[in-house]
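input.tsv (TSV, C-alpha atoms and all ligand atoms) appears below.
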chain	number	residue	atom	x	y	z
A	1	MET	CA	10.23	33.89	6.93
A	2	LEU	CA	10.32	30.17	6.37
A	3	ALA	CA	9.05	28.77	3.16
A	4	ILE	CA	6.95	25.74	4.02
A	5	ALA	CA	7.35	22.93	1.54
A	6	SER	CA	4.09	21.33	0.51
A	7	ALA	CA	5.51	17.87	1.02
A	8	CYS	CA	8.37	17.05	3.30
A	9	SER	CA	9.04	13.37	3.13
A	10	ASP	CA	10.01	10.75	0.62
A	11	GLY	CA	6.41	9.67	0.22
A	12	ASP	CA	2.87	10.18	1.35
A	13	GLU	CA	2.91	7.66	4.15
A	14	PRO	CA	0.74	8.38	7.16
A	15	LEU	CA	2.41	9.42	10.37
A	16	PRO	CA	2.66	6.86	13.18
A	17	ASP	CA	-0.66	6.76	14.96
A	18	GLY	CA	0.49	5.79	18.40
A	19	GLY	CA	1.57	2.23	17.82
A	20	PRO	CA	-0.18	-1.12	18.01
A	21	VAL	CA	-3.77	-1.12	19.25
A	22	GLY	CA	-5.13	-3.84	21.52
A	23	THR	CA	-3.78	-6.47	23.87
A	24	PRO	CA	-1.70	-9.45	22.73
A	25	SER	CA	-4.07	-12.40	22.41
A	26	ILE	CA	-4.85	-15.51	20.39
A	27	ASP	CA	-8.24	-15.90	22.08
A	28	GLY	CA	-11.17	-16.72	19.84
A	29	THR	CA	-12.33	-19.59	17.66
A	30	PRO	CA	-9.24	-21.56	16.62
A	31	LEU	CA	-8.93	-22.02	12.88
A	32	SER	CA	-8.74	-25.79	13.46
A	33	THR	CA	-12.50	-25.62	14.18
A	34	PHE	CA	-13.18	-25.10	10.49
A	35	VAL	CA	-11.00	-27.85	9.05
A	36	GLY	CA	-13.68	-30.49	9.31
A	37	THR	CA	-16.86	-28.44	9.40
A	38	SER	CA	-16.79	-25.46	7.05
A	39	CYS	CA	-16.65	-24.94	3.30
A	40	SER	CA	-16.24	-21.15	3.29
A	41	THR	CA	-13.06	-19.21	3.91
A	42	GLY	CA	-15.41	-16.38	4.85
A	43	ASP	CA	-15.29	-17.93	8.33
A	44	VAL	CA	-11.74	-16.62	8.76
A	45	ILE	CA	-12.12	-13.33	6.87
A	46	ALA	CA	-11.34	-11.17	9.92
A	47	LEU	CA	-8.03	-12.98	10.49
A	48	ALA	CA	-7.26	-12.86	6.77
A	49	THR	CA	-7.94	-9.11	6.65
A	50	GLN	CA	-5.41	-8.54	9.45
A	51	ILE	CA	-2.82	-10.47	7.43
A	52	ALA	CA	-3.54	-8.45	4.26
A	53	GLU	CA	-3.21	-5.20	6.19
A	54	GLU	CA	0.05	-6.36	7.78
A	55	VAL	CA	1.46	-7.09	4.30
A	56	ASN	CA	0.69	-3.53	3.25
A	57	CYS	CA	2.24	-2.14	6.44
A	58	ALA	CA	5.50	-3.89	5.59
A	59	ASN	CA	5.50	-2.63	2.00
A	60	PRO	CA	3.01	0.18	1.32
A	61	GLY	CA	1.17	-0.24	-1.97
A	62	GLU	CA	1.90	-3.96	-2.10
A	63	LEU	CA	-1.64	-4.82	-1.10
A	64	VAL	CA	-4.38	-2.21	-1.17
A	65	ALA	CA	-8.12	-2.64	-0.68
A	66	PHE	CA	-10.50	-2.21	-3.59
A	67	GLU	CA	-14.19	-1.53	-3.34
A	68	GLU	CA	-17.50	-2.44	-4.84
A	69	GLY	CA	-19.11	0.10	-7.12
A	70	PRO	CA	-21.64	0.35	-9.92
A	71	ALA	CA	-19.52	-1.99	-12.07
A	72	ILE	CA	-17.79	-4.15	-9.43
A	73	MET	CA	-19.65	-6.60	-7.20
A	74	PHE	CA	-18.37	-9.10	-4.64
A	75	THR	CA	-20.28	-12.36	-4.83
A	76	GLY	CA	-19.94	-13.50	-1.24
A	77	SER	CA	-18.43	-13.13	2.21
A	78	ALA	CA	-15.25	-15.01	1.25
A	79	VAL	CA	-13.95	-12.26	-1.06
A	80	LEU	CA	-10.86	-10.57	0.40
A	81	PRO	CA	-10.69	-7.45	-1.79
A	82	TYR	CA	-6.99	-6.61	-1.92
A	83	LEU	CA	-4.60	-6.24	-4.86
A	84	GLY	CA	-1.27	-4.63	-5.59
A	85	GLU	CA	-1.68	-0.95	-6.35
A	86	ALA	CA	-1.05	-1.25	-10.11
A	87	GLY	CA	-3.52	-4.11	-10.39
A	88	ARG	CA	-6.18	-2.11	-8.59
A	89	THR	CA	-5.63	0.90	-10.86
A	90	ALA	CA	-6.00	-1.35	-13.90
A	91	LEU	CA	-9.12	-2.99	-12.47
A	92	TYR	CA	-10.79	0.37	-11.86
A	93	ALA	CA	-9.85	1.48	-15.37
A	94	ALA	CA	-11.53	-1.62	-16.79
A	95	ALA	CA	-14.61	-1.02	-14.63
A	96	ASP	CA	-14.82	2.52	-16.01
A	97	GLU	CA	-15.54	0.90	-19.37
A	98	ALA	CA	-18.33	-1.32	-18.06
A	99	ASN	CA	-21.09	0.16	-20.21
A	100	GLY	CA	-23.75	-1.40	-18.04
A	101	ARG	CA	-21.95	-4.64	-17.27
A	102	VAL	CA	-21.11	-5.70	-13.72
A	103	LEU	CA	-17.82	-7.45	-12.96
A	104	ARG	CA	-18.66	-10.19	-10.45
A	105	VAL	CA	-15.62	-10.92	-8.27
A	106	THR	CA	-15.61	-14.34	-6.59
A	107	SER	CA	-12.02	-14.20	-5.31
A	108	ALA	CA	-9.10	-11.76	-5.19
A	109	PHE	CA	-6.35	-11.95	-2.59
A	110	ARG	CA	-6.10	-15.07	-0.48
A	111	THR	CA	-3.93	-15.41	2.60
A	112	VAL	CA	-2.09	-18.50	3.80
A	113	VAL	CA	-4.77	-19.22	6.41
A	114	GLN	CA	-7.47	-19.36	3.74
A	115	GLN	CA	-5.30	-21.44	1.43
A	116	TYR	CA	-4.57	-23.80	4.33
A	117	LEU	CA	-8.28	-24.46	4.80
A	118	LEU	CA	-8.91	-24.92	1.07
A	119	PHE	CA	-6.00	-27.36	0.88
A	120	ARG	CA	-7.26	-29.40	3.83
A	121	TRP	CA	-10.80	-29.49	2.43
A	122	PHE	CA	-9.36	-30.67	-0.88
A	123	GLN	CA	-7.38	-33.42	0.92
A	124	GLN	CA	-10.58	-34.56	2.62
A	125	GLY	CA	-12.50	-34.64	-0.65
A	126	ARG	CA	-14.88	-32.07	0.79
A	127	CYS	CA	-16.52	-28.90	-0.46
A	128	GLY	CA	-16.33	-29.89	-4.13
A	129	ILE	CA	-12.69	-28.79	-4.38
A	130	THR	CA	-10.99	-30.73	-7.18
A	131	ALA	CA	-7.57	-29.07	-7.01
A	132	ALA	CA	-5.76	-26.91	-4.45
A	133	ALA	CA	-2.29	-25.39	-4.31
A	134	ASP	CA	-0.12	-25.94	-1.25
A	135	PRO	CA	-0.50	-23.25	1.44
A	136	GLY	CA	1.87	-20.41	0.60
A	137	ASP	CA	1.91	-21.32	-3.08
A	138	SER	CA	-1.47	-20.33	-4.53
A	139	ASN	CA	-1.53	-17.77	-7.31
A	140	HIS	CA	-4.18	-15.97	-5.28
A	141	GLU	CA	-1.49	-15.32	-2.66
A	142	SER	CA	0.43	-13.34	-5.31
A	143	GLY	CA	-1.59	-10.12	-4.91
A	144	ARG	CA	-2.23	-9.99	-8.66
A	145	ALA	CA	-5.03	-12.53	-9.16
A	146	LEU	CA	-8.73	-12.12	-9.67
A	147	ASP	CA	-11.58	-14.60	-10.27
A	148	VAL	CA	-14.59	-13.30	-12.21
A	149	SER	CA	-17.68	-15.49	-12.45
A	150	ASN	CA	-19.04	-13.77	-15.60
A	151	TYR	CA	-15.55	-13.86	-17.11
A	152	SER	CA	-16.60	-14.18	-20.75
A	153	GLU	CA	-18.16	-10.72	-20.69
A	154	TRP	CA	-14.92	-9.21	-19.40
A	155	ILE	CA	-12.00	-10.95	-21.12
A	156	ALA	CA	-11.45	-8.24	-23.75
A	157	THR	CA	-11.88	-5.29	-21.40
A	158	LEU	CA	-9.65	-6.73	-18.68
A	159	ASP	CA	-7.01	-7.73	-21.23
A	160	ALA	CA	-6.96	-4.16	-22.59
A	161	HIS	CA	-5.94	-3.06	-19.09
A	162	GLY	CA	-3.24	-5.64	-18.47
A	163	TRP	CA	-5.34	-8.35	-16.83
A	164	SER	CA	-4.45	-11.59	-18.64
A	165	HIS	CA	-6.87	-14.48	-19.00
A	166	ASP	CA	-3.96	-16.85	-18.74
A	167	VAL	CA	-4.66	-20.10	-16.89
A	168	PRO	CA	-5.93	-22.93	-19.09
A	169	GLY	CA	-8.64	-24.96	-17.38
A	170	ASP	CA	-9.38	-22.15	-14.91
A	171	PRO	CA	-11.66	-19.87	-16.94
A	172	VAL	CA	-12.66	-17.52	-14.11
A	173	HIS	CA	-9.03	-16.62	-13.39
A	174	PHE	CA	-7.15	-13.45	-14.43
A	175	ASP	CA	-3.64	-12.25	-13.53
A	176	HIS	CA	-2.19	-8.74	-13.62
A	177	LEU	CA	1.23	-9.89	-14.74
A	178	ALA	CA	2.90	-6.46	-14.63
A	179	SER	CA	2.41	-6.43	-10.85
A	180	PRO	CA	4.98	-8.13	-8.61
A	181	ASP	CA	4.25	-11.64	-7.37
A	182	ILE	CA	4.33	-11.24	-3.59
A	183	ARG	CA	3.78	-14.88	-2.61
A	184	GLY	CA	5.34	-15.43	0.82
A	185	ALA	CA	4.55	-11.92	2.05
A	186	ASP	CA	1.32	-13.30	3.53
A	187	VAL	CA	3.21	-16.06	5.35
A	188	LEU	CA	5.66	-13.53	6.80
A	189	ALA	CA	2.80	-11.24	7.84
A	190	PHE	CA	1.07	-14.14	9.60
A	191	GLN	CA	4.30	-15.05	11.41
A	192	ARG	CA	4.73	-11.45	12.56
A	193	LEU	CA	1.13	-11.24	13.81
A	194	TRP	CA	1.51	-14.55	15.64
A	195	ASN	CA	4.70	-13.44	17.38
A	196	ARG	CA	3.16	-10.07	18.26
A	197	ASN	CA	0.36	-11.89	20.09
A	198	THR	CA	2.12	-14.77	21.81
A	199	PRO	CA	4.71	-15.04	24.60
A	200	ALA	CA	8.34	-15.38	23.56
A	201	ASP	CA	8.47	-19.13	24.17
A	202	GLU	CA	5.81	-19.66	21.49
A	203	HIS	CA	7.42	-17.49	18.82
A	204	ILE	CA	8.11	-18.92	15.36
A	205	ALA	CA	10.67	-17.94	12.73
A	206	GLU	CA	9.78	-14.87	10.67
A	207	ASP	CA	11.11	-16.24	7.41
A	208	GLY	CA	8.11	-16.09	5.06
A	209	ALA	CA	8.39	-19.86	4.51
A	210	TYR	CA	5.47	-22.16	5.20
A	211	GLY	CA	6.46	-25.12	7.39
A	212	PRO	CA	5.32	-27.26	10.35
A	213	MET	CA	5.72	-24.48	12.94
A	214	THR	CA	3.69	-22.09	10.84
A	215	GLU	CA	1.05	-24.77	10.22
A	216	ALA	CA	0.72	-25.44	13.96
A	217	ALA	CA	0.34	-21.71	14.61
A	218	ILE	CA	-2.28	-21.36	11.85
A	219	LEU	CA	-4.38	-24.11	13.47
A	220	ARG	CA	-4.37	-22.21	16.80
A	221	SER	CA	-4.93	-18.75	15.38
A	222	PRO	CA	-8.27	-17.03	16.08
A	223	ALA	CA	-10.81	-16.72	13.25
A	224	GLU	CA	-11.96	-13.42	14.71
A	225	GLY	CA	-8.43	-11.98	14.43
A	226	PHE	CA	-5.58	-11.50	16.87
A	227	GLY	CA	-5.75	-9.17	19.87
A	228	ILE	CA	-3.25	-6.88	18.14
A	229	GLY	CA	-3.71	-6.63	14.40
A	230	ALA	CA	-1.66	-5.03	11.66
A	231	SER	CA	0.86	-2.47	12.88
A	232	CYS	CA	2.26	0.08	10.48
A	233	ALA	CA	3.75	1.87	13.48
A	234	ALA	CA	6.29	-0.93	13.91
A	235	ARG	CA	7.55	-0.22	10.41
A	236	MET	CA	7.71	3.51	11.08
A	237	ILE	CA	9.88	2.97	14.14
A	238	ALA	CA	12.22	0.76	12.16
A	239	ARG	CA	12.50	3.37	9.41
A	240	SER	CA	13.14	6.33	11.70
A	241	ALA	CA	15.97	4.40	13.32
A	242	ARG	CA	17.81	4.27	10.00
A	243	ALA	CA	20.47	6.97	9.76
A	244	ASP	CA	20.24	7.22	5.98
A	245	VAL	CA	16.59	8.24	5.96
A	246	PRO	CA	16.33	12.04	5.73
A	247	GLU	CA	14.33	13.42	8.60
A	248	CYS	CA	11.69	16.06	8.11
A	249	GLY	CA	11.95	19.00	10.46
A	250	LEU	CA	8.41	20.32	10.08
A	301	ZN	ZN	-8.21	-17.85	-9.59
Let's see the structure in the file written out as structure tokens.
Ligand SMILES: [Zn+2]
Amino acid sequence: MLAIASACSDGDEPLPDGGPVGTPSIDGTPLSTFVGTSCSTGDVIALATQIAEEVNCANPGELVAFEEGPAIMFTGSAVLPYLGEAGRTALYAAADEANGRVLRVTSAFRTVVQQYLLFRWFQQGRCGITAAADPGDSNHESGRALDVSNYSEWIATLDAHGWSHDVPGDPVHFDHLASPDIRGADVLAFQRLWNRNTPADEHIAEDGAYGPMTEAAILRSPAEGFGIGASCAARMIARSARADVPECGL
């Protein structure tokens, strides 16, 4: 009789679920609509969520969602609640020591499309933005950043769990410095989503570098999200094609 191993892979990744869902499309409200009219990156949160999920498809654990709870509250629709796995574990550990406090999160992960809007609004002198990093270069694109509005209540607790209060002049900001800085992964994920949803003659380089082609694509990308979103199945196919990956027979 066969002994069935309880786990038969090199990880706990989900099995392919049938491949990409949807139809290739960039239909929707182009992001350019919001350059001159909006002051909230919440307007592109659906697109940004697809990008965050695509990052995690490429490298599982690199960007995982975290949730509200008794001690964690999101302060608005612009919060994109993703962190690297170690940062999330540390955040939850800090929240477990809340003792009645509530950690008010105003910002966590930020994708290149959100940073693009913030940068343009800053250039225009709009929305009260006094400083903005270049798209692709914000520390909130690192996957290890968190802004907390009631930061003073939380500095000691967060620090005890590896969240450093480390940016002078930016008191709401914390970094989980033991987590990898994944800046650029969001740009690459956007490029992959764009190419997945456009005909070949509109494809752009998948190099993770922000440049004029990527900027032009960002301006045309739909706020509501692409027709085909994140695809972990594409990664699975690439992995199973590798001869050095042991196959599971079960
Ligand atoms: Zn910040």
May I have a table of the residues of chain A lying at most 12 Å from ligand ZN 301 (chain A), giving each one's closest pair of atoms and their distance in Å to one decimal, counting all atoms listed in the file, ordered by chain and ascending residue number, as JSON lines?
{"residue": "A:Val79", "atom": "CA", "partner": "A:ZN301", "partner_atom": "ZN", "distance": 11.7}
{"residue": "A:Val105", "atom": "CA", "partner": "A:ZN301", "partner_atom": "ZN", "distance": 10.2}
{"residue": "A:Thr106", "atom": "CA", "partner": "A:ZN301", "partner_atom": "ZN", "distance": 8.7}
{"residue": "A:Ser107", "atom": "CA", "partner": "A:ZN301", "partner_atom": "ZN", "distance": 6.8}
{"residue": "A:Ala108", "atom": "CA", "partner": "A:ZN301", "partner_atom": "ZN", "distance": 7.6}
{"residue": "A:Phe109", "atom": "CA", "partner": "A:ZN301", "partner_atom": "ZN", "distance": 9.3}
{"residue": "A:Arg110", "atom": "CA", "partner": "A:ZN301", "partner_atom": "ZN", "distance": 9.8}
{"residue": "A:Gln115", "atom": "CA", "partner": "A:ZN301", "partner_atom": "ZN", "distance": 11.9}
{"residue": "A:Ala131", "atom": "CA", "partner": "A:ZN301", "partner_atom": "ZN", "distance": 11.5}
{"residue": "A:Ala132", "atom": "CA", "partner": "A:ZN301", "partner_atom": "ZN", "distance": 10.7}
{"residue": "A:Ala133", "atom": "CA", "partner": "A:ZN301", "partner_atom": "ZN", "distance": 10.9}
{"residue": "A:Ser138", "atom": "CA", "partner": "A:ZN301", "partner_atom": "ZN", "distance": 8.8}
{"residue": "A:Asn139", "atom": "CA", "partner": "A:ZN301", "partner_atom": "ZN", "distance": 7.1}
{"residue": "A:His140", "atom": "CA", "partner": "A:ZN301", "partner_atom": "ZN", "distance": 6.2}
{"residue": "A:Glu141", "atom": "CA", "partner": "A:ZN301", "partner_atom": "ZN", "distance": 10.0}
{"residue": "A:Ser142", "atom": "CA", "partner": "A:ZN301", "partner_atom": "ZN", "distance": 10.6}
{"residue": "A:Gly143", "atom": "CA", "partner": "A:ZN301", "partner_atom": "ZN", "distance": 11.2}
{"residue": "A:Arg144", "atom": "CA", "partner": "A:ZN301", "partner_atom": "ZN", "distance": 9.9}
{"residue": "A:Ala145", "atom": "CA", "partner": "A:ZN301", "partner_atom": "ZN", "distance": 6.2}
{"residue": "A:Leu146", "atom": "CA", "partner": "A:ZN301", "partner_atom": "ZN", "distance": 5.8}
{"residue": "A:Asp147", "atom": "CA", "partner": "A:ZN301", "partner_atom": "ZN", "distance": 4.7}
{"residue": "A:Val148", "atom": "CA", "partner": "A:ZN301", "partner_atom": "ZN", "distance": 8.3}
{"residue": "A:Ser149", "atom": "CA", "partner": "A:ZN301", "partner_atom": "ZN", "distance": 10.2}
{"residue": "A:Tyr151", "atom": "CA", "partner": "A:ZN301", "partner_atom": "ZN", "distance": 11.2}
{"residue": "A:Ser164", "atom": "CA", "partner": "A:ZN301", "partner_atom": "ZN", "distance": 11.6}
{"residue": "A:His165", "atom": "CA", "partner": "A:ZN301", "partner_atom": "ZN", "distance": 10.1}
{"residue": "A:Asp166", "atom": "CA", "partner": "A:ZN301", "partner_atom": "ZN", "distance": 10.1}
{"residue": "A:Val167", "atom": "CA", "partner": "A:ZN301", "partner_atom": "ZN", "distance": 8.4}
{"residue": "A:Pro168", "atom": "CA", "partner": "A:ZN301", "partner_atom": "ZN", "distance": 11.0}
{"residue": "A:Gly169", "atom": "CA", "partner": "A:ZN301", "partner_atom": "ZN", "distance": 10.6}
{"residue": "A:Asp170", "atom": "CA", "partner": "A:ZN301", "partner_atom": "ZN", "distance": 6.9}
{"residue": "A:Pro171", "atom": "CA", "partner": "A:ZN301", "partner_atom": "ZN", "distance": 8.4}
{"residue": "A:Val172", "atom": "CA", "partner": "A:ZN301", "partner_atom": "ZN", "distance": 6.4}
{"residue": "A:His173", "atom": "CA", "partner": "A:ZN301", "partner_atom": "ZN", "distance": 4.1}
{"residue": "A:Phe174", "atom": "CA", "partner": "A:ZN301", "partner_atom": "ZN", "distance": 6.6}
{"residue": "A:Asp175", "atom": "CA", "partner": "A:ZN301", "partner_atom": "ZN", "distance": 8.2}
{"residue": "A:His176", "atom": "CA", "partner": "A:ZN301", "partner_atom": "ZN", "distance": 11.6}
Convert the current residue selection to file output with C-alpha atoms, as a PDB file, in the coordinates of the input.
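Heads up, here's the output in selection.pdb:
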ATOM      1  CA  VAL A  79     -13.950 -12.260  -1.060  1.00  0.00           C
ATOM      2  CA  VAL A 105     -15.620 -10.920  -8.270  1.00  0.00           C
ATOM      3  CA  THR A 106     -15.610 -14.340  -6.590  1.00  0.00           C
ATOM      4  CA  SER A 107     -12.020 -14.200  -5.310  1.00  0.00           C
ATOM      5  CA  ALA A 108      -9.100 -11.760  -5.190  1.00  0.00           C
ATOM      6  CA  PHE A 109      -6.350 -11.950  -2.590  1.00  0.00           C
ATOM      7  CA  ARG A 110      -6.100 -15.070  -0.480  1.00  0.00           C
ATOM      8  CA  GLN A 115      -5.300 -21.440   1.430  1.00  0.00           C
ATOM      9  CA  ALA A 131      -7.570 -29.070  -7.010  1.00  0.00           C
ATOM     10  CA  ALA A 132      -5.760 -26.910  -4.450  1.00  0.00           C
ATOM     11  CA  ALA A 133      -2.290 -25.390  -4.310  1.00  0.00           C
ATOM     12  CA  SER A 138      -1.470 -20.330  -4.530  1.00  0.00           C
ATOM     13  CA  ASN A 139      -1.530 -17.770  -7.310  1.00  0.00           C
ATOM     14  CA  HIS A 140      -4.180 -15.970  -5.280  1.00  0.00           C
ATOM     15  CA  GLU A 141      -1.490 -15.320  -2.660  1.00  0.00           C
ATOM     16  CA  SER A 142       0.430 -13.340  -5.310  1.00  0.00           C
ATOM     17  CA  GLY A 143      -1.590 -10.120  -4.910  1.00  0.00           C
ATOM     18  CA  ARG A 144      -2.230  -9.990  -8.660  1.00  0.00           C
ATOM     19  CA  ALA A 145      -5.030 -12.530  -9.160  1.00  0.00           C
ATOM     20  CA  LEU A 146      -8.730 -12.120  -9.670  1.00  0.00           C
ATOM     21  CA  ASP A 147     -11.580 -14.600 -10.270  1.00  0.00           C
ATOM     22  CA  VAL A 148     -14.590 -13.300 -12.210  1.00  0.00           C
ATOM     23  CA  SER A 149     -17.680 -15.490 -12.450  1.00  0.00           C
ATOM     24  CA  TYR A 151     -15.550 -13.860 -17.110  1.00  0.00           C
ATOM     25  CA  SER A 164      -4.450 -11.590 -18.640  1.00  0.00           C
ATOM     26  CA  HIS A 165      -6.870 -14.480 -19.000  1.00  0.00           C
ATOM     27  CA  ASP A 166      -3.960 -16.850 -18.740  1.00  0.00           C
ATOM     28  CA  VAL A 167      -4.660 -20.100 -16.890  1.00  0.00           C
ATOM     29  CA  PRO A 168      -5.930 -22.930 -19.090  1.00  0.00           C
ATOM     30  CA  GLY A 169      -8.640 -24.960 -17.380  1.00  0.00           C
ATOM     31  CA  ASP A 170      -9.380 -22.150 -14.910  1.00  0.00           C
ATOM     32  CA  PRO A 171     -11.660 -19.870 -16.940  1.00  0.00           C
ATOM     33  CA  VAL A 172     -12.660 -17.520 -14.110  1.00  0.00           C
ATOM     34  CA  HIS A 173      -9.030 -16.620 -13.390  1.00  0.00           C
ATOM     35  CA  PHE A 174      -7.150 -13.450 -14.430  1.00  0.00           C
ATOM     36  CA  ASP A 175      -3.640 -12.250 -13.530  1.00  0.00           C
ATOM     37  CA  HIS A 176      -2.190  -8.740 -13.620  1.00  0.00           C
TER      38      HIS A 176
END
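Near range 194-202 of chain A, within 8 Å and counting only C-alpha atoms, sit Thr23, Pro24, Ser25, Ile26, Phe190, Gln191, Ala217, Ser221, Phe226, Gly227 and Ile228 of chain A; same-chain residues fewer than 3 positions away were not included.
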Quick one: of A:Val55, A:Ala178, A:Cys127, A:Ala98, who's nearest to Pro70 in chain A, counting all atoms listed in the file? A:Ala98
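Remark: for Glu67 in chain A, the closest of the candidate residues A:Ala230, A:Val44, A:Leu158, A:Leu80 is A:Leu80 (distances computed over all atoms listed in the file).
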Which distance in Å separates CA of Thr157 in chain A and CA of Gly100 in chain A, to one decimal? 12.9 Å
Spatial neighbours of Leu91 in chain A, max dist 8 Å, all atoms listed in the file, sep filter under 2 positions, as a PDB file with C-alpha atoms, keeping the file's coordinate frame:
ATOM      1  CA  GLY A  87      -3.520  -4.110 -10.390  1.00  0.00           C
ATOM      2  CA  ARG A  88      -6.180  -2.110  -8.590  1.00  0.00           C
ATOM      3  CA  THR A  89      -5.630   0.900 -10.860  1.00  0.00           C
ATOM      4  CA  ALA A  93      -9.850   1.480 -15.370  1.00  0.00           C
ATOM      5  CA  ALA A  94     -11.530  -1.620 -16.790  1.00  0.00           C
ATOM      6  CA  ALA A  95     -14.610  -1.020 -14.630  1.00  0.00           C
ATOM      7  CA  LEU A 158      -9.650  -6.730 -18.680  1.00  0.00           C
ATOM      8  CA  HIS A 161      -5.940  -3.060 -19.090  1.00  0.00           C
ATOM      9  CA  TRP A 163      -5.340  -8.350 -16.830  1.00  0.00           C
TER      10      TRP A 163
END
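The smallest atom-to-atom distance between Asp181 in chain A and any of A:Glu62, A:Glu54, A:Asp96, A:Thr214, using all atoms listed in the file, is found for A:Glu62.
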Between A:Ala185, A:Ala71, A:Val21, A:Ala223, which residue has the minimum interatomic distance to Leu47 in chain A, considering all atoms listed in the file? A:Ala223
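The space between CA of Phe74 in chain A and CA of Ala86 in chain A spans 19.8 Å.
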Check the smallest atom-to-atom distance from each of A:Cys57, A:Met213, A:Leu83, A:Ala46 to Ile182 in chain A using only C-alpha atoms, then report the winner. A:Leu83
